[in-house]
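As provided, upload_19.cif (mmCIF, C-alpha atoms) reads as follows.
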```cif
data_my_file
loop_
_atom_site.group_PDB
_atom_site.id
_atom_site.type_symbol
_atom_site.label_atom_id
_atom_site.label_comp_id
_atom_site.auth_asym_id
_atom_site.auth_seq_id
_atom_site.Cartn_x
_atom_site.Cartn_y
_atom_site.Cartn_z
ATOM 1 C CA MET A 28 155.402 133.102 184.750
ATOM 2 C CA SER A 29 155.676 131.698 188.257
ATOM 3 C CA PHE A 30 152.692 131.255 190.550
ATOM 4 C CA LYS A 31 152.672 131.368 194.333
ATOM 5 C CA TRP A 32 150.919 127.995 194.534
ATOM 6 C CA GLU A 33 152.676 126.453 191.537
ATOM 7 C CA ASP A 34 153.552 123.289 193.482
ATOM 8 C CA CYS A 35 150.116 122.685 194.982
ATOM 9 C CA LEU A 36 148.653 119.206 194.679
ATOM 10 C CA TYR A 37 145.124 118.840 193.351
ATOM 11 C CA LEU A 38 143.609 115.497 194.410
ATOM 12 C CA LYS A 39 140.140 114.106 193.909
ATOM 13 C CA ASP A 40 138.098 111.026 194.751
ATOM 14 C CA ASN A 41 140.274 108.025 195.682
ATOM 15 C CA GLU A 42 143.482 110.025 195.231
ATOM 16 C CA ILE A 43 142.729 111.753 198.539
ATOM 17 C CA THR A 44 142.542 108.482 200.474
ATOM 18 C CA LYS A 45 145.716 107.171 198.824
ATOM 19 C CA TYR A 46 147.569 110.360 199.729
ATOM 20 C CA PHE A 47 146.897 109.885 203.452
ATOM 21 C CA LEU A 48 147.305 106.106 203.612
ATOM 22 C CA GLY A 49 150.163 105.049 205.879
ATOM 23 C CA LYS A 50 150.707 108.583 207.169
ATOM 24 C CA GLY A 51 150.246 108.875 210.918
ATOM 25 C CA LYS A 52 149.922 112.623 210.779
ATOM 26 C CA LYS A 53 148.270 114.691 213.445
ATOM 27 C CA ILE A 54 145.732 116.822 211.633
ATOM 28 C CA LEU A 55 143.390 119.604 212.687
ATOM 29 C CA TYR A 56 140.245 119.287 210.639
ATOM 30 C CA PHE A 57 137.919 122.301 210.319
ATOM 31 C CA ILE A 58 134.306 121.537 209.497
ATOM 32 C CA GLY A 59 131.095 123.554 209.600
ATOM 33 C CA LYS A 60 128.059 122.302 211.480
ATOM 34 C CA GLY A 61 125.148 122.394 209.074
ATOM 35 C CA PHE A 62 122.330 120.563 207.322
ATOM 36 C CA ASP A 63 124.213 119.943 204.082
ATOM 37 C CA PRO A 64 124.317 116.147 203.510
ATOM 38 C CA ARG A 65 127.939 116.484 202.363
ATOM 39 C CA MET A 66 129.099 117.643 205.790
ATOM 40 C CA CYS A 67 130.762 114.364 206.852
ATOM 41 C CA GLU A 68 131.901 113.016 203.477
ATOM 42 C CA GLY A 69 135.487 114.274 203.883
ATOM 43 C CA ILE A 70 135.776 112.830 207.384
ATOM 44 C CA LYS A 71 134.656 109.470 206.019
ATOM 45 C CA LEU A 72 137.586 109.497 203.588
ATOM 46 C CA LEU A 73 140.097 110.078 206.374
ATOM 47 C CA SER A 74 138.513 107.482 208.642
ATOM 48 C CA ASN A 75 139.877 104.829 206.264
ATOM 49 C CA THR A 76 143.488 105.976 206.786
ATOM 50 C CA GLU A 77 145.950 106.013 209.689
ATOM 51 C CA VAL A 78 145.617 109.770 210.121
ATOM 52 C CA ASN A 79 145.205 111.036 213.673
ATOM 53 C CA PHE A 80 142.746 113.900 213.245
ATOM 54 C CA GLU A 81 141.048 116.216 215.672
ATOM 55 C CA VAL A 82 137.951 118.094 214.548
ATOM 56 C CA CYS A 83 137.320 121.786 215.063
ATOM 57 C CA LEU A 84 133.563 122.085 214.600
ATOM 58 C CA LEU A 85 132.389 125.591 213.750
ATOM 59 C CA HIS A 86 128.908 126.417 214.994
ATOM 60 C CA PHE A 87 127.266 129.384 213.310
ATOM 61 C CA THR A 88 123.761 130.784 213.098
ATOM 62 C CA GLU A 89 122.169 132.933 210.422
ATOM 63 C CA GLY A 90 119.620 134.488 212.764
ATOM 64 C CA PRO A 91 116.204 133.442 214.088
ATOM 65 C CA ASN A 92 114.508 134.048 210.735
ATOM 66 C CA SER A 93 116.915 131.956 208.668
ATOM 67 C CA THR A 94 115.421 129.153 206.570
ATOM 68 C CA SER A 95 118.234 126.931 207.902
ATOM 69 C CA ASN A 96 116.243 126.620 211.116
ATOM 70 C CA ASN A 97 113.767 124.455 209.207
ATOM 71 C CA TYR A 98 116.446 121.782 208.892
ATOM 72 C CA ASN A 99 117.529 121.378 212.513
ATOM 73 C CA ASP A 100 116.786 117.654 212.366
ATOM 74 C CA TYR A 101 119.285 117.223 209.509
ATOM 75 C CA ILE A 102 121.852 119.318 211.378
ATOM 76 C CA GLN A 103 121.523 117.040 214.386
ATOM 77 C CA GLN A 104 121.768 113.908 212.213
ATOM 78 C CA ASN A 105 125.022 115.189 210.711
ATOM 79 C CA TYR A 106 126.349 115.985 214.172
ATOM 80 C CA GLU A 107 125.571 112.479 215.469
ATOM 81 C CA GLU A 108 127.321 110.974 212.453
ATOM 82 C CA LEU A 109 130.363 113.181 213.036
ATOM 83 C CA LYS A 110 130.630 112.026 216.650
ATOM 84 C CA LYS A 111 130.842 108.432 215.414
ATOM 85 C CA LEU A 112 133.673 109.335 213.052
ATOM 86 C CA SER A 113 135.825 111.476 215.356
ATOM 87 C CA LYS A 114 136.823 110.905 218.985
ATOM 88 C CA THR A 115 138.029 114.476 219.512
ATOM 89 C CA ILE A 116 135.754 117.387 218.622
ATOM 90 C CA TYR A 117 136.418 120.977 219.675
ATOM 91 C CA ASP A 118 133.274 123.070 219.507
ATOM 92 C CA VAL A 119 133.820 126.674 218.441
ATOM 93 C CA HIS A 120 130.774 128.953 218.447
ATOM 94 C CA ILE A 121 130.918 131.908 216.116
ATOM 95 C CA SER A 122 128.744 134.180 218.183
ATOM 96 C CA THR A 123 129.974 137.557 217.017
ATOM 97 C CA PRO A 124 128.304 139.327 214.076
ATOM 98 C CA LEU A 125 129.795 138.063 210.816
ATOM 99 C CA SER A 126 130.995 141.600 210.133
ATOM 100 C CA ARG A 127 133.501 140.963 212.959
ATOM 101 C CA LEU A 128 134.493 137.483 211.791
ATOM 102 C CA PRO A 129 138.112 138.403 210.876
ATOM 103 C CA ILE A 130 138.604 139.775 214.413
ATOM 104 C CA PHE A 131 137.012 136.655 215.905
ATOM 105 C CA LEU A 132 139.348 134.353 213.955
ATOM 106 C CA LYS A 133 142.404 136.328 215.032
ATOM 107 C CA LYS A 134 141.463 136.005 218.707
ATOM 108 C CA GLU A 135 140.293 132.379 218.583
ATOM 109 C CA PHE A 136 143.034 130.845 216.422
ATOM 110 C CA THR A 137 146.471 132.227 217.175
ATOM 111 C CA LYS A 138 149.578 130.860 215.464
ATOM 112 C CA ASP A 139 150.429 128.924 218.625
ATOM 113 C CA PHE A 140 147.069 127.173 218.387
ATOM 114 C CA PHE A 141 148.310 125.262 215.330
ATOM 115 C CA GLN A 142 151.819 124.390 216.512
ATOM 116 C CA ASN A 143 151.036 120.768 217.458
ATOM 117 C CA TYR A 144 149.530 119.852 214.086
ATOM 118 C CA GLU A 145 151.400 118.657 211.024
ATOM 119 C CA GLU A 146 148.571 119.589 208.693
ATOM 120 C CA VAL A 147 145.420 121.715 208.724
ATOM 121 C CA ILE A 148 142.440 120.687 206.609
ATOM 122 C CA ILE A 149 139.620 123.143 205.948
ATOM 123 C CA ASP A 150 136.530 121.259 204.776
ATOM 124 C CA ILE A 151 134.220 123.824 203.168
ATOM 125 C CA SER A 152 131.508 121.342 202.144
ATOM 126 C CA SER A 153 128.996 122.671 204.677
ATOM 127 C CA MET A 154 130.357 126.178 205.299
ATOM 128 C CA PRO A 155 128.844 129.393 203.924
ATOM 129 C CA VAL A 156 131.212 131.448 201.789
ATOM 130 C CA THR A 157 131.506 134.218 204.378
ATOM 131 C CA ILE A 158 133.015 131.793 206.881
ATOM 132 C CA SER A 159 134.998 129.492 204.591
ATOM 133 C CA PHE A 160 136.730 132.249 202.603
ATOM 134 C CA ASN A 161 137.652 134.236 205.701
ATOM 135 C CA LEU A 162 138.980 131.107 207.404
ATOM 136 C CA ILE A 163 141.070 130.069 204.396
ATOM 137 C CA LYS A 164 142.445 133.568 203.905
ATOM 138 C CA TYR A 165 143.301 133.923 207.584
ATOM 139 C CA ILE A 166 145.043 130.553 207.976
ATOM 140 C CA ILE A 167 147.045 130.884 204.751
ATOM 141 C CA ASN A 168 148.218 134.348 205.786
ATOM 142 C CA LEU A 169 149.478 132.946 209.111
ATOM 143 C CA ASN A 170 152.298 131.264 207.123
ATOM 144 C CA LEU A 171 152.174 128.145 209.268
ATOM 145 C CA SER A 172 154.938 125.557 209.193
ATOM 146 C CA SER A 173 152.222 122.909 208.866
ATOM 147 C CA LYS A 174 150.649 122.092 205.517
ATOM 148 C CA VAL A 175 147.260 123.618 204.711
ATOM 149 C CA SER A 176 144.698 121.729 202.607
ATOM 150 C CA ILE A 177 141.248 122.703 201.381
ATOM 151 C CA LEU A 178 138.694 119.956 200.928
ATOM 152 C CA THR A 179 135.174 120.004 199.550
ATOM 153 C CA CYS A 180 132.564 117.547 198.403
ATOM 154 C CA GLU A 181 131.449 119.129 195.134
ATOM 155 C CA ASN A 182 128.109 118.408 193.508
ATOM 156 C CA SER A 183 127.072 121.073 191.013
ATOM 157 C CA GLU A 184 123.622 119.580 190.491
ATOM 158 C CA PHE A 185 122.955 119.694 194.230
ATOM 159 C CA ASP A 186 124.168 123.302 194.412
ATOM 160 C CA ASP A 187 121.990 124.239 191.440
ATOM 161 C CA ALA A 188 118.984 122.769 193.245
ATOM 162 C CA ILE A 189 119.453 125.145 196.177
ATOM 163 C CA ILE A 190 117.145 128.136 195.750
ATOM 164 C CA PRO A 191 118.571 131.259 197.422
ATOM 165 C CA THR A 192 116.088 133.053 199.719
ATOM 166 C CA GLY A 193 116.124 136.124 201.883
ATOM 167 C CA PHE A 194 118.263 138.343 199.656
ATOM 168 C CA SER A 195 118.904 141.800 201.056
ATOM 169 C CA GLU A 196 117.582 144.702 199.042
ATOM 170 C CA THR A 197 121.070 145.636 197.872
ATOM 171 C CA ALA A 198 124.369 143.845 197.312
ATOM 172 C CA ASN A 199 127.409 144.379 199.515
ATOM 173 C CA TYR A 200 131.009 143.249 199.832
ATOM 174 C CA LEU A 201 131.796 139.994 201.608
ATOM 175 C CA ASN A 202 132.728 140.569 205.240
ATOM 176 C CA GLY A 203 136.503 140.460 205.597
ATOM 177 C CA PHE A 204 137.055 141.391 201.954
ATOM 178 C CA SER A 205 136.792 144.512 199.836
ATOM 179 C CA MET A 206 137.317 145.484 196.228
ATOM 180 C CA PHE A 207 140.895 145.371 194.972
ATOM 181 C CA SER A 208 142.510 147.732 192.525
ATOM 182 C CA MET A 209 145.781 147.381 190.698
ATOM 183 C CA ASP A 210 146.576 150.953 191.760
ATOM 184 C CA LEU A 211 145.202 152.297 195.031
ATOM 185 C CA ASP A 212 147.240 155.525 194.886
ATOM 186 C CA SER A 213 144.448 157.243 193.002
ATOM 187 C CA LEU A 214 140.700 156.763 192.971
ATOM 188 C CA ASP A 215 140.258 158.825 189.804
ATOM 189 C CA ASN A 216 139.292 157.279 186.467
ATOM 190 C CA ILE A 217 138.351 153.920 188.013
ATOM 191 C CA VAL A 218 137.602 151.171 185.479
ATOM 192 C CA THR A 219 135.640 148.370 187.179
ATOM 193 C CA VAL A 220 135.906 144.828 185.819
ATOM 194 C CA TRP A 221 133.408 142.315 187.196
ATOM 195 C CA LEU A 222 133.994 138.548 187.007
ATOM 196 C CA PRO A 223 130.723 136.866 188.090
ATOM 197 C CA ILE A 224 131.001 133.103 188.570
ATOM 198 C CA LEU A 225 127.647 131.919 187.310
ATOM 199 C CA GLY A 226 125.185 129.304 188.540
ATOM 200 C CA LYS A 227 121.606 128.453 187.702
ATOM 201 C CA ASN A 228 119.917 130.410 190.481
ATOM 202 C CA CYS A 229 121.864 133.657 190.376
ATOM 203 C CA LYS A 230 119.701 135.950 188.243
ATOM 204 C CA GLU A 231 118.352 138.126 191.056
ATOM 205 C CA GLU A 232 121.764 138.228 192.694
ATOM 206 C CA LEU A 233 123.414 139.355 189.437
ATOM 207 C CA GLU A 234 120.929 142.194 189.028
ATOM 208 C CA LYS A 235 121.643 143.525 192.523
ATOM 209 C CA ILE A 236 125.412 143.229 192.211
ATOM 210 C CA HIS A 237 125.336 144.970 188.820
ATOM 211 C CA ALA A 238 123.326 147.856 190.276
ATOM 212 C CA PHE A 239 125.697 148.057 193.241
ATOM 213 C CA ILE A 240 129.064 148.140 191.441
ATOM 214 C CA SER A 241 128.127 149.595 187.998
ATOM 215 C CA PRO A 242 130.912 147.724 186.156
ATOM 216 C CA ASN A 243 132.578 149.063 183.018
ATOM 217 C CA GLU A 244 133.474 145.570 181.819
ATOM 218 C CA ILE A 245 131.950 142.174 182.605
ATOM 219 C CA CYS A 246 133.655 138.824 182.116
ATOM 220 C CA PRO A 247 131.196 136.039 183.105
ATOM 221 C CA VAL A 248 132.796 132.789 184.265
ATOM 222 C CA LEU A 249 131.153 129.504 183.251
ATOM 223 C CA PRO A 250 132.061 125.890 184.106
ATOM 224 C CA PHE A 251 133.343 123.994 181.077
ATOM 225 C CA PRO A 252 134.254 121.229 180.956
ATOM 226 C CA SER A 253 131.914 120.134 183.711
ATOM 227 C CA ARG A 254 130.808 116.768 185.061
ATOM 228 C CA LYS A 255 127.444 117.668 183.565
ATOM 229 C CA PRO A 256 128.433 118.434 179.947
ATOM 230 C CA ARG A 257 125.582 120.841 179.228
ATOM 231 C CA ARG A 258 125.679 122.728 182.518
ATOM 232 C CA SER A 259 127.132 125.935 181.050
ATOM 233 C CA ASP A 260 124.470 125.890 178.310
ATOM 234 C CA GLU A 261 121.733 125.445 180.923
ATOM 235 C CA ILE A 262 123.090 128.376 182.942
ATOM 236 C CA LEU A 263 123.183 130.606 179.856
ATOM 237 C CA TYR A 264 119.605 129.594 178.998
ATOM 238 C CA ILE A 265 118.490 130.996 182.362
ATOM 239 C CA VAL A 266 120.626 134.145 182.604
ATOM 240 C CA GLY A 267 121.473 134.726 178.924
ATOM 241 C CA GLU A 268 118.869 137.438 178.320
ATOM 242 C CA LEU A 269 120.040 139.333 181.392
ATOM 243 C CA LEU A 270 123.686 139.100 180.338
ATOM 244 C CA PHE A 271 123.363 139.868 176.639
ATOM 245 C CA SER A 272 120.299 142.146 176.488
ATOM 246 C CA SER A 273 120.352 143.992 179.815
ATOM 247 C CA PHE A 274 124.082 144.023 180.614
ATOM 248 C CA LYS A 275 125.135 144.219 176.930
ATOM 249 C CA ILE A 276 127.880 141.618 177.349
ATOM 250 C CA GLU A 277 129.674 140.411 174.248
ATOM 251 C CA LYS A 278 129.917 136.634 173.894
ATOM 252 C CA LYS A 279 133.690 136.885 173.458
ATOM 253 C CA ASN A 280 133.879 138.100 177.070
ATOM 254 C CA ILE A 281 132.672 134.774 178.448
ATOM 255 C CA LEU A 282 135.401 132.854 180.247
ATOM 256 C CA TYR A 283 135.218 129.060 180.462
ATOM 257 C CA VAL A 284 137.090 127.336 183.278
ATOM 258 C CA THR A 285 137.490 123.671 184.172
ATOM 259 C CA GLU A 286 134.981 122.996 186.926
ATOM 260 C CA ASP A 287 136.908 120.331 188.818
ATOM 261 C CA ASN A 288 140.479 121.662 188.863
ATOM 262 C CA ILE A 289 141.088 124.449 191.370
ATOM 263 C CA ILE A 290 144.709 125.077 190.315
ATOM 264 C CA GLN A 291 143.820 125.567 186.649
ATOM 265 C CA VAL A 292 140.942 127.872 187.609
ATOM 266 C CA TYR A 293 143.164 129.981 189.834
ATOM 267 C CA LYS A 294 145.876 130.353 187.182
ATOM 268 C CA LYS A 295 143.408 131.207 184.432
ATOM 269 C CA LEU A 296 141.561 133.818 186.502
ATOM 270 C CA TYR A 297 144.844 135.362 187.592
ATOM 271 C CA ASN A 298 146.007 135.643 183.968
ATOM 272 C CA VAL A 299 142.666 137.174 182.924
ATOM 273 C CA VAL A 300 142.988 139.860 185.600
ATOM 274 C CA GLU A 301 146.541 140.601 184.476
ATOM 275 C CA TYR A 302 145.361 140.835 180.851
ATOM 276 C CA TYR A 303 142.514 143.231 181.636
ATOM 277 C CA ASN A 304 144.775 145.359 183.809
ATOM 278 C CA GLU A 305 147.266 145.760 180.970
ATOM 279 C CA ALA A 306 144.565 146.356 178.349
ATOM 280 C CA LEU A 307 142.469 148.820 180.362
ATOM 281 C CA GLY A 308 145.180 150.397 182.475
ATOM 282 C CA ILE A 309 145.852 152.999 179.782
ATOM 283 C CA ILE A 310 142.415 154.573 180.311
ATOM 284 C CA GLY A 311 142.202 154.409 184.103
ATOM 285 C CA ASN A 312 142.911 152.560 187.328
ATOM 286 C CA THR A 313 141.518 149.048 186.997
ATOM 287 C CA LYS A 314 139.466 147.555 189.812
ATOM 288 C CA PHE A 315 138.443 143.877 189.833
ATOM 289 C CA ILE A 316 135.502 142.270 191.592
ATOM 290 C CA PHE A 317 134.655 138.563 191.820
ATOM 291 C CA SER A 318 131.172 137.370 192.766
ATOM 292 C CA ILE A 319 130.502 133.714 193.566
ATOM 293 C CA SER A 320 127.068 132.368 192.639
ATOM 294 C CA SER A 321 127.908 128.698 192.227
ATOM 295 C CA SER A 322 130.565 125.980 192.392
ATOM 296 C CA LYS A 323 132.699 125.751 195.524
ATOM 297 C CA LEU A 324 135.694 124.588 193.484
ATOM 298 C CA ILE A 325 135.679 127.531 191.069
ATOM 299 C CA GLY A 326 135.100 129.844 194.019
ATOM 300 C CA ILE A 327 138.253 128.569 195.724
ATOM 301 C CA GLY A 328 140.185 129.135 192.491
ATOM 302 C CA ALA A 329 138.925 132.727 192.439
ATOM 303 C CA LEU A 330 139.928 133.198 196.082
ATOM 304 C CA LEU A 331 143.481 131.965 195.442
ATOM 305 C CA ALA A 332 143.766 134.212 192.368
ATOM 306 C CA SER A 333 142.652 137.308 194.285
ATOM 307 C CA MET A 334 145.018 136.542 197.179
ATOM 308 C CA GLU A 335 147.977 136.142 194.829
ATOM 309 C CA ILE A 336 147.173 139.386 193.038
ATOM 310 C CA SER A 337 146.892 141.173 196.368
ATOM 311 C CA ASP A 338 150.175 139.671 197.554
ATOM 312 C CA LYS A 339 152.136 140.596 194.439
ATOM 313 C CA LYS A 340 150.671 144.069 194.086
ATOM 314 C CA ASN A 341 150.606 144.842 197.813
ATOM 315 C CA ILE A 342 146.927 145.662 197.616
ATOM 316 C CA GLN A 343 143.680 144.596 199.277
ATOM 317 C CA ASN A 344 141.789 141.335 198.792
ATOM 318 C CA SER A 345 138.437 141.531 197.101
ATOM 319 C CA PHE A 346 135.109 139.771 196.742
#
```
As structure tokens:
Amino acid sequence: MSFKWEDCLYLKDNEITKYFLGKGKKILYFIGKGFDPRMCEGIKLLSNTEVNFEVCLLHFTEGPNSTSNNYNDYIQQNYEELKKLSKTIYDVHISTPLSRLPIFLKKEFTKDFFQNYEEVIIDISSMPVTISFNLIKYIINLNLSSKVSILTCENSEFDDAIIPTGFSETANYLNGFSMFSMDLDSLDNIVTVWLPILGKNCKEELEKIHAFISPNEICPVLPFPSRKPRRSDEILYIVGELLFSSFKIEKKNILYVTEDNIIQVYKKLYNVVEYYNEALGIIGNTKFIFSISSSKLIGIGALLASMEISDKKNIQNSF
């Protein structure tokens, strides 16, 4: 079968620098202002090429009680480093509630805004999922004449070391997204399929999402192969009892995806959704929900898969 992003390039490490060498492109580079030490790694790669890039720095706050406020010194250090790497920085403050983020993006970044750039790079290394996924979805759907690239500095061990705090009492859908069904003409006989992308610190999150969506079928997604060979085993050691005893998941339902290849992840997840829709469609209207608990790369693959499904079926995006 053909895929919408069949011809996409997947580059990593030194391949990225080689790709941009000798190309005097004018690039708009989106980056999130944050404390994550990976914030400026992508910019460093481009600083060794002839690329003419301008930075759009997204400022966002998570509220006065956010634990991120404890790391303001690191945020400032990253900002000072960025100023050394880029001569042109446009500061964009996301001041509206995140529930209105799609509206904010539409007003702030019109199609004309991008007309002077040959390429747009969205660096999600230091962006929360709410912002990065909405930004990617919005820019791709603009159908720009300029090329769009997604860049991230991935470190699964670092992500696993981050302990989530401040969970709300209940789960909810990601702002700018909603559940997607293969048939929205009828809401009767809904069969919900949940594809949770697992990480080490997602147990509490999984419990709340499960209670919120009450899935009929669960297909956990684990990273394998991974740069850390035993990572999937370590994740299962932590959440295995919850999955197999509480959620009653069969081991054959576990889906393994290559951790460091977005295109392969996106194609595999898309095919899994198509398979479940065909298999379960005879008993009801299938509805699919992704949840992202780890791995920026696998998360991007899931985003691309959901967008392609929505595009081909003329239905809503979902997360």
Exercise. Using all atoms listed in the file, which of A:Gly226, A:Gly69, A:Gly311, A:Pro242 sits nearest A:Tyr264?
Worked result: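 When distances to A:Tyr264 are compared using all atoms listed in the file, the smallest one comes from A:Gly226.
Within the file as shown, the PyMOL selection byres ((chain A and resi 116) around 12) identifies Leu55, Tyr56, Phe57, Ile58, Gly59, Lys60, Phe80, Glu81, Val82, Cys83, Leu84, Leu85, His86, Tyr106, Glu107, Leu109, Lys110, Lys111, Leu112, Ser113, Lys114, Thr115, Tyr117, Asp118 and Val119 of chain A.
Rounded to one decimal, atom CA of A:Lys174 and atom CA of A:Ile102 lie 29.5 Å from each other.
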Exercise. In Å, with one decimal, what is the gap from atom CA of A:Thr285 to atom CA of A:Phe251?
Worked result: 5.2 Å
For this session: Tell me which residues the PyMOL selection byres ((chain A and resi 284) around 9) grabs here, as a list in words.
Result: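 For this structure, the PyMOL selection byres ((chain A and resi 284) around 9) resolves to Val248, Leu249, Pro250, Phe251, Pro252, Ser253, Leu282, Tyr283, Thr285, Glu286, Asp287, Asn288, Gln291, Val292, Lys295, Leu296 and Ile325 of chain A.
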Return as an mmCIF file with C-alpha atoms, keeping the file's coordinate frame the set of residues that the PyMOL selection byres ((chain A and resi 275) around 12) yields on the displayed structure.
```cif
data_model
loop_
_atom_site.group_PDB
_atom_site.id
_atom_site.type_symbol
_atom_site.label_atom_id
_atom_site.label_comp_id
_atom_site.auth_asym_id
_atom_site.auth_seq_id
_atom_site.Cartn_x
_atom_site.Cartn_y
_atom_site.Cartn_z
ATOM 1 C CA HIS A 237 125.336 144.970 188.820
ATOM 2 C CA PRO A 242 130.912 147.724 186.156
ATOM 3 C CA ASN A 243 132.578 149.063 183.018
ATOM 4 C CA GLU A 244 133.474 145.570 181.819
ATOM 5 C CA ILE A 245 131.950 142.174 182.605
ATOM 6 C CA CYS A 246 133.655 138.824 182.116
ATOM 7 C CA PRO A 247 131.196 136.039 183.105
ATOM 8 C CA GLY A 267 121.473 134.726 178.924
ATOM 9 C CA GLU A 268 118.869 137.438 178.320
ATOM 10 C CA LEU A 269 120.040 139.333 181.392
ATOM 11 C CA LEU A 270 123.686 139.100 180.338
ATOM 12 C CA PHE A 271 123.363 139.868 176.639
ATOM 13 C CA SER A 272 120.299 142.146 176.488
ATOM 14 C CA SER A 273 120.352 143.992 179.815
ATOM 15 C CA PHE A 274 124.082 144.023 180.614
ATOM 16 C CA ILE A 276 127.880 141.618 177.349
ATOM 17 C CA GLU A 277 129.674 140.411 174.248
ATOM 18 C CA LYS A 278 129.917 136.634 173.894
ATOM 19 C CA LYS A 279 133.690 136.885 173.458
ATOM 20 C CA ASN A 280 133.879 138.100 177.070
#
```
At a cut-off of 8 Å, using all atoms listed in the file, what residues contact stretch 159-168 of chain A? Leave out same-chain residues fewer than 3 positions from it and give the result as a PDB file with C-alpha atoms, in the coordinates of the input.
```pdb
ATOM      1  CA  LEU A 128     134.493 137.483 211.791  1.00  0.00           C
ATOM      2  CA  PRO A 129     138.112 138.403 210.876  1.00  0.00           C
ATOM      3  CA  LEU A 132     139.348 134.353 213.955  1.00  0.00           C
ATOM      4  CA  LYS A 133     142.404 136.328 215.032  1.00  0.00           C
ATOM      5  CA  ILE A 149     139.620 123.143 205.948  1.00  0.00           C
ATOM      6  CA  ILE A 151     134.220 123.824 203.168  1.00  0.00           C
ATOM      7  CA  MET A 154     130.357 126.178 205.299  1.00  0.00           C
ATOM      8  CA  PRO A 155     128.844 129.393 203.924  1.00  0.00           C
ATOM      9  CA  VAL A 156     131.212 131.448 201.789  1.00  0.00           C
ATOM     10  CA  LEU A 171     152.174 128.145 209.268  1.00  0.00           C
ATOM     11  CA  VAL A 175     147.260 123.618 204.711  1.00  0.00           C
ATOM     12  CA  ILE A 177     141.248 122.703 201.381  1.00  0.00           C
ATOM     13  CA  GLY A 203     136.503 140.460 205.597  1.00  0.00           C
ATOM     14  CA  ILE A 327     138.253 128.569 195.724  1.00  0.00           C
ATOM     15  CA  LEU A 330     139.928 133.198 196.082  1.00  0.00           C
ATOM     16  CA  MET A 334     145.018 136.542 197.179  1.00  0.00           C
TER      17      MET A 334
END
```
Exercise. For A:Lys294, which residue among A:Ala329, A:Ala306, A:Leu38, A:Ile316 is the nearest when counting all atoms listed in the file?
Worked result: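 Among the listed residues, A:Ala329 lies closest to A:Lys294.
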For this session: Rank A:Lys53, A:Lys255, A:Lys235, A:Lys45 by their smallest atom-to-atom distance to A:Tyr144, using all atoms listed in the file, and report the top residue only.
Result: A:Lys53
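When all atoms listed in the file are used to measure the gap to A:Leu225, the shortest distance among A:Ala238, A:Ile281, A:Ile54, A:Ile319 belongs to A:Ile319.
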